[in-house]
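> One file is attached below, target-v5.txt, containing compact mmCIF, C-alpha atoms and all ligand atoms.
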# COMPACT_ATOMS: atom_id res chain seq x y z
CA MET A 1 -10.00 7.58 21.59
CA SER A 2 -8.87 8.74 18.13
CA ALA A 3 -10.69 7.71 14.95
CA LYS A 4 -7.60 5.82 13.71
CA LYS A 5 -7.43 3.84 16.97
CA ARG A 6 -11.10 2.89 16.68
CA CYS A 7 -10.50 1.84 13.08
CA ALA A 8 -7.62 -0.41 14.17
CA GLN A 9 -9.84 -1.98 16.84
CA LYS A 10 -12.49 -2.77 14.24
CA ALA A 11 -9.83 -4.24 11.92
CA LEU A 12 -8.73 -6.52 14.75
CA THR A 13 -12.19 -8.14 14.79
CA LEU A 14 -11.54 -9.40 11.23
CA ILE A 15 -8.37 -11.27 12.18
CA PRO A 16 -8.77 -15.00 12.78
CA ASP A 17 -6.75 -16.87 15.39
CA HIS A 18 -3.82 -18.97 14.08
CA SER A 19 -3.43 -16.88 10.93
CA VAL A 20 -0.86 -15.16 8.76
CA ILE A 21 -1.53 -11.44 8.52
CA GLY A 22 -0.14 -8.88 6.08
CA LEU A 23 0.52 -5.38 7.37
CA GLY A 24 1.52 -2.25 5.43
CA GLY A 25 2.77 0.97 6.98
CA GLY A 26 1.34 4.10 8.57
CA GLN A 27 -0.25 5.22 11.81
CA THR A 28 -3.45 3.16 11.65
CA VAL A 29 -1.51 -0.04 10.98
CA SER A 30 0.75 0.86 13.88
CA TYR A 31 -2.30 0.99 16.22
CA LEU A 32 -3.34 -2.39 14.82
CA VAL A 33 0.06 -3.82 15.76
CA ASP A 34 -0.51 -2.67 19.38
CA ASP A 35 -4.00 -4.19 19.41
CA LEU A 36 -2.76 -7.47 17.92
CA ALA A 37 0.00 -7.72 20.49
CA SER A 38 -2.43 -7.33 23.39
CA SER A 39 -5.16 -9.51 21.86
CA GLY A 40 -3.55 -12.86 22.63
CA LEU A 41 -4.26 -14.00 19.04
CA ASP A 42 -1.72 -16.40 17.59
CA VAL A 43 -0.65 -14.64 14.39
CA GLN A 44 2.39 -14.41 12.20
CA VAL A 45 3.01 -11.20 10.27
CA VAL A 46 4.44 -10.41 6.86
CA THR A 47 5.23 -6.80 6.04
CA PRO A 48 7.34 -4.84 3.56
CA SER A 49 7.63 -1.95 6.02
CA MET A 50 10.78 -1.83 8.14
CA ASN A 51 8.96 0.39 10.67
CA THR A 52 6.08 -2.06 10.98
CA ALA A 53 8.44 -5.04 11.20
CA TRP A 54 10.40 -3.36 13.97
CA HIS A 55 7.23 -2.38 15.83
CA CYS A 56 5.94 -6.00 15.58
CA LYS A 57 9.24 -7.34 16.91
CA GLU A 58 9.18 -4.89 19.84
CA ALA A 59 5.56 -5.85 20.56
CA GLY A 60 6.40 -9.57 20.59
CA LEU A 61 4.75 -10.52 17.29
CA GLN A 62 6.45 -13.00 15.00
CA VAL A 63 7.47 -11.58 11.60
CA LEU A 64 8.06 -13.95 8.66
CA PRO A 65 9.99 -13.14 5.47
CA THR A 66 7.38 -12.67 2.75
CA TRP A 67 9.24 -14.97 0.34
CA MET A 68 8.59 -17.91 2.70
CA VAL A 69 4.82 -17.41 2.64
CA ASP A 70 2.37 -18.46 -0.09
CA HIS A 71 -0.89 -17.53 1.58
CA VAL A 72 -2.04 -14.65 3.76
CA ASP A 73 -5.37 -14.81 5.60
CA ALA A 74 -5.96 -11.07 5.70
CA ALA A 75 -3.86 -8.02 4.87
CA PHE A 76 -4.34 -4.47 6.16
CA ASP A 77 -2.80 -1.36 4.71
CA GLY A 78 -3.12 2.39 4.42
CA CYS A 79 -3.25 4.29 1.14
CA ASP A 80 -3.33 7.88 -0.09
CA GLU A 81 -6.65 7.66 -1.93
CA VAL A 82 -9.34 5.03 -2.49
CA ASP A 83 -12.52 5.23 -4.57
CA TYR A 84 -15.97 3.63 -4.59
CA ASP A 85 -14.76 1.07 -7.18
CA TYR A 86 -12.06 -0.07 -4.73
CA ASN A 87 -9.23 1.42 -6.77
CA ALA A 88 -6.52 2.93 -4.61
CA LEU A 89 -3.38 4.97 -5.02
CA LYS A 90 -0.38 4.59 -2.77
CA SER A 91 2.47 7.04 -3.03
CA GLY A 92 4.48 7.50 0.08
CA GLY A 93 6.77 4.72 1.09
CA ALA A 94 8.20 3.36 -2.19
CA ILE A 95 7.28 -0.14 -1.01
CA HIS A 96 4.16 -0.54 -3.16
CA THR A 97 5.54 -3.50 -5.15
CA ASP A 98 5.95 -5.58 -2.00
CA GLU A 99 2.66 -4.33 -0.53
CA LYS A 100 0.88 -5.54 -3.66
CA ILE A 101 2.64 -8.93 -3.55
CA ILE A 102 1.26 -9.38 -0.04
CA ALA A 103 -2.18 -8.10 -1.13
CA SER A 104 -2.23 -10.64 -3.97
CA MET A 105 -1.64 -13.49 -1.51
CA ALA A 106 -4.36 -12.39 0.88
CA ASP A 107 -7.89 -13.81 1.11
CA ARG A 108 -8.94 -10.29 2.07
CA TYR A 109 -7.02 -7.06 1.44
CA ILE A 110 -8.46 -4.22 3.47
CA VAL A 111 -7.43 -0.57 3.45
CA LEU A 112 -7.80 1.56 6.58
CA VAL A 113 -8.33 5.25 5.77
CA ASP A 114 -9.43 8.67 6.98
CA PRO A 115 -12.63 10.02 5.34
CA GLY A 116 -10.65 12.59 3.33
CA LYS A 117 -8.99 9.79 1.38
CA VAL A 118 -12.25 8.37 0.00
CA SER A 119 -13.85 9.67 -3.19
CA GLU A 120 -16.15 8.51 -5.94
CA THR A 121 -13.23 8.32 -8.39
CA LEU A 122 -9.53 8.68 -7.65
CA SER A 123 -8.60 12.37 -8.03
CA PHE A 124 -4.97 11.73 -9.07
CA ARG A 125 -3.84 14.65 -6.91
CA HIS A 126 -1.09 12.28 -5.76
CA PRO A 127 1.48 10.97 -8.23
CA VAL A 128 1.43 7.42 -9.53
CA VAL A 129 4.68 5.88 -8.33
CA LEU A 130 6.63 3.50 -10.55
CA GLU A 131 9.39 1.21 -9.36
CA VAL A 132 11.79 1.17 -12.32
CA ILE A 133 14.81 -0.96 -13.17
CA GLN A 134 17.67 1.50 -13.73
CA GLU A 135 18.56 0.27 -17.24
CA ALA A 136 15.06 1.19 -18.39
CA TYR A 137 15.04 4.67 -16.82
CA SER A 138 15.21 6.75 -20.03
CA ILE A 139 12.79 4.64 -22.03
CA VAL A 140 10.31 4.60 -19.13
CA LEU A 141 10.56 8.42 -18.93
CA ARG A 142 9.80 8.63 -22.64
CA ARG A 143 6.84 6.24 -22.49
CA VAL A 144 5.19 7.86 -19.47
CA LYS A 145 5.44 11.27 -21.16
CA GLU A 146 3.77 9.75 -24.24
CA LEU A 147 0.98 8.58 -21.91
CA GLY A 148 0.49 12.16 -20.64
CA GLY A 149 2.50 11.85 -17.42
CA ARG A 150 4.96 14.30 -15.85
CA PRO A 151 7.68 12.12 -14.29
CA GLU A 152 10.12 13.09 -11.58
CA VAL A 153 12.70 10.69 -10.21
CA ARG A 154 12.70 10.54 -6.41
CA ARG A 155 15.96 11.85 -4.96
CA SER A 156 17.65 11.04 -1.69
CA LYS A 157 20.74 12.06 0.25
CA ASN A 158 22.28 8.59 -0.11
CA LYS A 159 25.50 7.93 -1.99
CA ASP A 160 24.29 8.20 -5.60
CA GLY A 161 21.59 10.79 -4.93
CA PHE A 162 18.64 8.58 -5.93
CA LEU A 163 16.13 6.92 -3.66
CA ARG A 164 16.21 3.15 -4.18
CA SER A 165 13.53 0.58 -3.43
CA ASP A 166 14.42 -2.40 -1.24
CA HIS A 167 15.22 -4.16 -4.54
CA GLY A 168 17.71 -1.46 -5.60
CA ASN A 169 15.39 0.06 -8.20
CA LEU A 170 14.63 3.71 -8.95
CA ILE A 171 11.39 5.35 -7.84
CA LEU A 172 9.59 7.58 -10.33
CA ASP A 173 6.74 9.86 -9.22
CA VAL A 174 4.49 10.53 -12.20
CA GLN A 175 1.75 13.16 -12.10
CA PHE A 176 -1.09 12.17 -14.41
CA PRO A 177 -4.28 14.01 -15.29
CA GLN A 178 -7.31 12.04 -14.07
CA PRO A 179 -7.66 9.21 -16.63
CA ASP A 180 -10.97 8.02 -18.15
CA ASP A 181 -10.02 4.43 -17.39
CA ILE A 182 -7.85 3.76 -14.34
CA SER A 183 -7.27 0.08 -15.03
CA ALA A 184 -6.27 0.83 -18.65
CA LEU A 185 -3.66 3.32 -17.39
CA ASP A 186 -2.40 0.77 -14.88
CA TRP A 187 -2.21 -1.87 -17.63
CA GLU A 188 -0.27 0.48 -19.97
CA LEU A 189 2.22 1.41 -17.25
CA ASN A 190 2.74 -2.17 -16.12
CA HIS A 191 3.45 -3.20 -19.72
CA ILE A 192 6.40 -0.85 -20.16
CA TYR A 193 9.49 -3.06 -19.96
CA GLY A 194 11.48 -2.08 -16.90
CA VAL A 195 8.51 -1.00 -14.79
CA VAL A 196 8.36 -3.42 -11.88
CA ASP A 197 4.97 -2.22 -10.62
CA THR A 198 2.82 0.87 -10.22
CA SER A 199 1.37 2.26 -7.01
CA LEU A 200 -2.14 2.02 -8.45
CA VAL A 201 -4.06 -0.73 -6.71
CA VAL A 202 -6.65 -2.16 -9.08
CA GLY A 203 -8.65 -5.33 -8.51
CA LEU A 204 -7.00 -6.24 -5.20
CA ILE A 205 -9.03 -4.48 -2.49
CA ASN A 206 -11.92 -6.35 -0.85
CA GLY A 207 -12.82 -3.88 1.85
CA VAL A 208 -12.36 -0.29 3.00
CA MET A 209 -12.58 0.78 6.63
CA ILE A 210 -13.17 4.50 7.08
CA ALA A 211 -12.17 6.05 10.39
CA LYS A 212 -14.85 8.72 10.87
CA GLU A 213 -15.00 10.91 13.98
CA ASN A 214 -17.83 8.99 15.67
CA GLU A 215 -18.00 5.68 13.82
CA VAL A 216 -16.00 3.33 11.65
CA VAL A 217 -17.67 2.83 8.27
CA TRP A 218 -17.08 -0.50 6.59
CA MET A 219 -17.44 -0.91 2.81
CA ASP A 220 -16.83 -4.36 1.37
CA GLN A 221 -17.53 -6.32 -1.76
C1 LIG A 301 1.24 5.83 1.68
C2 LIG A 301 0.53 4.75 2.42
C3 LIG A 301 0.46 4.79 3.92
O1 LIG A 301 0.32 3.49 4.37
C4 LIG A 301 -0.69 5.60 4.40
O2 LIG A 301 -0.60 6.94 3.94
C5 LIG A 301 -0.75 5.58 5.93
O3 LIG A 301 -1.83 6.34 6.40
P1 LIG A 301 -2.10 6.57 7.95
O4 LIG A 301 -0.79 7.00 8.58
O5 LIG A 301 -3.13 7.68 7.96
O6 LIG A 301 -2.64 5.29 8.54
O7 LIG A 301 0.04 3.86 1.83
O8 LIG A 301 1.16 5.57 0.30
Could you write out this structure as structure tokens?


Amino acid sequence: MSAKKRCAQKALTLIPDHSVIGLGGGQTVSYLVDDLASSGLDVQVVTPSMNTAWHCKEAGLQVLPTWMVDHVDAAFDGCDEVDYDYNALKSGGAIHTDEKIIASMADRYIVLVDPGKVSETLSFRHPVVLEVIQEAYSIVLRRVKELGGRPEVRRSKNKDGFLRSDHGNLILDVQFPQPDDISALDWELNHIYGVVDTSLVVGLINGVMIAKENEVVWMDQ
């Protein structure tokens, strides 16, 4: 069995019966969907990921719209990097705003990762992603450059050439040098008018499950 599958099985043991569960995206979460479906647990799922929602539906799990939910028992997600202070960076899916809304509602927000994604301090080899309201595009570009970032708007082959979030906003990938203070950088970015949210996850994670080759390592606080 693969390390990610074992990790999903361990995550399943943290899910109470009769609960509302948050799920992000990625391969490990997808294994967790399969395990949940065969577990017989009575759960309802909220997810910002279309892939995960579709997989849940196919597997017979009930998916609720997030806006109808005000409490999540446990949420599970992947990320690109996580550190020993439980800071994480998500970059891929451009759904970080909604993932963090679900994380904020959860009693426990747990990230499921491969060992290569864990470090003492976030390396910032991945960009920080900003969801940006279009009207603020130029001023956000200016501000992030003043903060030392190198921004690049995410393009797509859709009709106007720009990738849009589910809320119709632009997605800006910003490469930053490793900051001295991750939460200060997150605070600065989140206080630029027009930035909806950053893909830095600070102060939300309660546990990290690391899918090693022969064991699943569990770090929690
Ligand atoms: C990207 C993410 C993904 O959820 C994460 O990369 C998925 O990882 P995996 O497929 O290894 O489970 O947060 O920002």

> Given a cut-off of 8 Å, what residues near ligand LIG 301 (chain A) show up using all atoms listed in the file, put as a PyMOL selection string?

chain A and resi 4+24-30+77-80+89-94+96+112-114

> Pick out the closest residue to Asp35 in chain A from this set: A:Val128, A:Leu12, A:Cys56, A:Leu23. Count all atoms listed in the file.

A:Leu12

> List as a list of chain:residue names the protein and nucleic acid residues near Val202 in chain A, meaning an atom at most 9 Å away when all atoms listed in the file are counted, but skip any in the same chain fewer than 3 places from it.

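Everything that qualifies: A:Asp85, A:Tyr86, A:Asn87, A:Ala88, A:Leu89, A:Ile182, A:Ser183, A:Asp186, A:Ile205.
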
> The selected residues should be written to file as a short mmCIF file (atom, residue, chain, number, x, y, z; two decimals), in the coordinates of the input (atoms: C-alpha atoms).


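File part16.cif, as written:
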data_model
loop_
_atom_site.label_atom_id
_atom_site.label_comp_id
_atom_site.auth_asym_id
_atom_site.auth_seq_id
_atom_site.Cartn_x
_atom_site.Cartn_y
_atom_site.Cartn_z
CA ASP A 85 -14.76 1.07 -7.18
CA TYR A 86 -12.06 -0.07 -4.73
CA ASN A 87 -9.23 1.42 -6.77
CA ALA A 88 -6.52 2.93 -4.61
CA LEU A 89 -3.38 4.97 -5.02
CA ILE A 182 -7.85 3.76 -14.34
CA SER A 183 -7.27 0.08 -15.03
CA ASP A 186 -2.40 0.77 -14.88
CA ILE A 205 -9.03 -4.48 -2.49
#

> Kindly indicate which residue among A:Gly60, A:Leu163, A:Asp70, A:Gly22 lies nearest to Ser39 in chain A, using only C-alpha atoms for the distances.

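Smallest separation from Ser39 in chain A among the options: A:Gly60.
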
> For Ser19 in chain A, find every residue with an atom within 12 Å (counting only C-alpha atoms), except residues of its own chain fewer than 3 positions away, and show them as a count of residues only.

20

> What gap, in Å, lies between CA of Leu141 in chain A and CA of Ile101 in chain A?

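About the pair CA of Leu141 in chain A and CA of Ile101 in chain A: they are 24.5 Å apart.
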
> Which centre and which edge lengths, in Å to one decimal, describe the axis-aligned box that holds all listed atoms of range 163-179 of chain A after 4 Å is added on each side, as lines of an AutoDock Vina configuration file?


center_x = 5.0
center_y = 4.9
center_z = -8.9
size_x = 33.4
size_y = 26.2
size_z = 23.4

> Rank A:Ala136, A:Arg154, A:Val216, A:Ala211 by their smallest atom-to-atom distance to Gly194 in chain A, using all atoms listed in the file, and report the top residue only.

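Using all atoms listed in the file, the shortest distance to Gly194 in chain A belongs to A:Ala136.
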
> Can you work out which one of A:His167, A:Lys5, A:Lys159, A:Lys117 has the shortest atom-to-atom distance to Thr97 in chain A, counting all atoms listed in the file?

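Of the candidates, the smallest distance to Thr97 in chain A is held by A:His167.
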
> Restricting the calculation to only C-alpha atoms: of A:Ser156, A:Pro177, A:Met209, A:His55, which residue gets closest to Val82 in chain A?

A:Met209

> Point out the residue among A:Arg150, A:Arg108, A:Arg6, A:Arg125 with the least atom-to-atom distance to Glu215 in chain A, counting all atoms listed in the file.

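Among the listed residues, A:Arg6 lies closest to Glu215 in chain A.
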
> Mind pulling up the distance from CA of Phe124 in chain A to CA of Gln175 in chain A?

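Atom-to-atom, CA of Gln175 in chain A to CA of Phe124 in chain A, that is 7.5 Å.
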
> Quick check, in Å to one decimal: how far apart do CA of Ala59 in chain A and CA of Ala37 in chain A lie?

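Result for CA of Ala59 in chain A versus CA of Ala37 in chain A: 5.9 Å, one decimal.
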
> Since the input lacks atoms, please generate N, CA and C atoms for range 144-157 of chain A and provide them as a compact mmCIF listing (two decimals), in the coordinates of the input.


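Result saved to rebuild.txt:
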# COMPACT_ATOMS: atom_id res chain seq x y z
N VAL A 144 6.20 7.25 -20.35
CA VAL A 144 5.19 7.86 -19.47
C VAL A 144 4.82 9.26 -19.97
N LYS A 145 5.78 9.96 -20.57
CA LYS A 145 5.44 11.27 -21.16
C LYS A 145 4.46 11.09 -22.32
N GLU A 146 4.69 10.03 -23.13
CA GLU A 146 3.77 9.75 -24.24
C GLU A 146 2.36 9.44 -23.72
N LEU A 147 2.29 8.90 -22.50
CA LEU A 147 0.98 8.58 -21.91
C LEU A 147 0.37 9.79 -21.18
N GLY A 148 1.04 10.94 -21.25
CA GLY A 148 0.49 12.16 -20.64
C GLY A 148 1.00 12.43 -19.24
N GLY A 149 2.00 11.67 -18.78
CA GLY A 149 2.50 11.85 -17.42
C GLY A 149 3.64 12.85 -17.33
N ARG A 150 3.81 13.42 -16.13
CA ARG A 150 4.96 14.30 -15.85
C ARG A 150 5.82 13.62 -14.79
N PRO A 151 6.89 12.92 -15.23
CA PRO A 151 7.68 12.12 -14.29
C PRO A 151 8.75 12.93 -13.57
N GLU A 152 9.00 12.51 -12.35
CA GLU A 152 10.12 13.09 -11.58
C GLU A 152 10.74 11.97 -10.76
N VAL A 153 12.04 11.77 -10.95
CA VAL A 153 12.70 10.69 -10.21
C VAL A 153 12.84 11.12 -8.76
N ARG A 154 12.62 10.18 -7.84
CA ARG A 154 12.70 10.54 -6.41
C ARG A 154 14.17 10.56 -5.97
N ARG A 155 14.56 11.68 -5.37
CA ARG A 155 15.96 11.85 -4.96
C ARG A 155 16.12 11.51 -3.49
N SER A 156 17.37 11.30 -3.10
CA SER A 156 17.65 11.04 -1.69
C SER A 156 19.06 11.51 -1.39
N LYS A 157 19.39 11.58 -0.10
CA LYS A 157 20.74 12.06 0.25
C LYS A 157 21.73 10.90 0.30
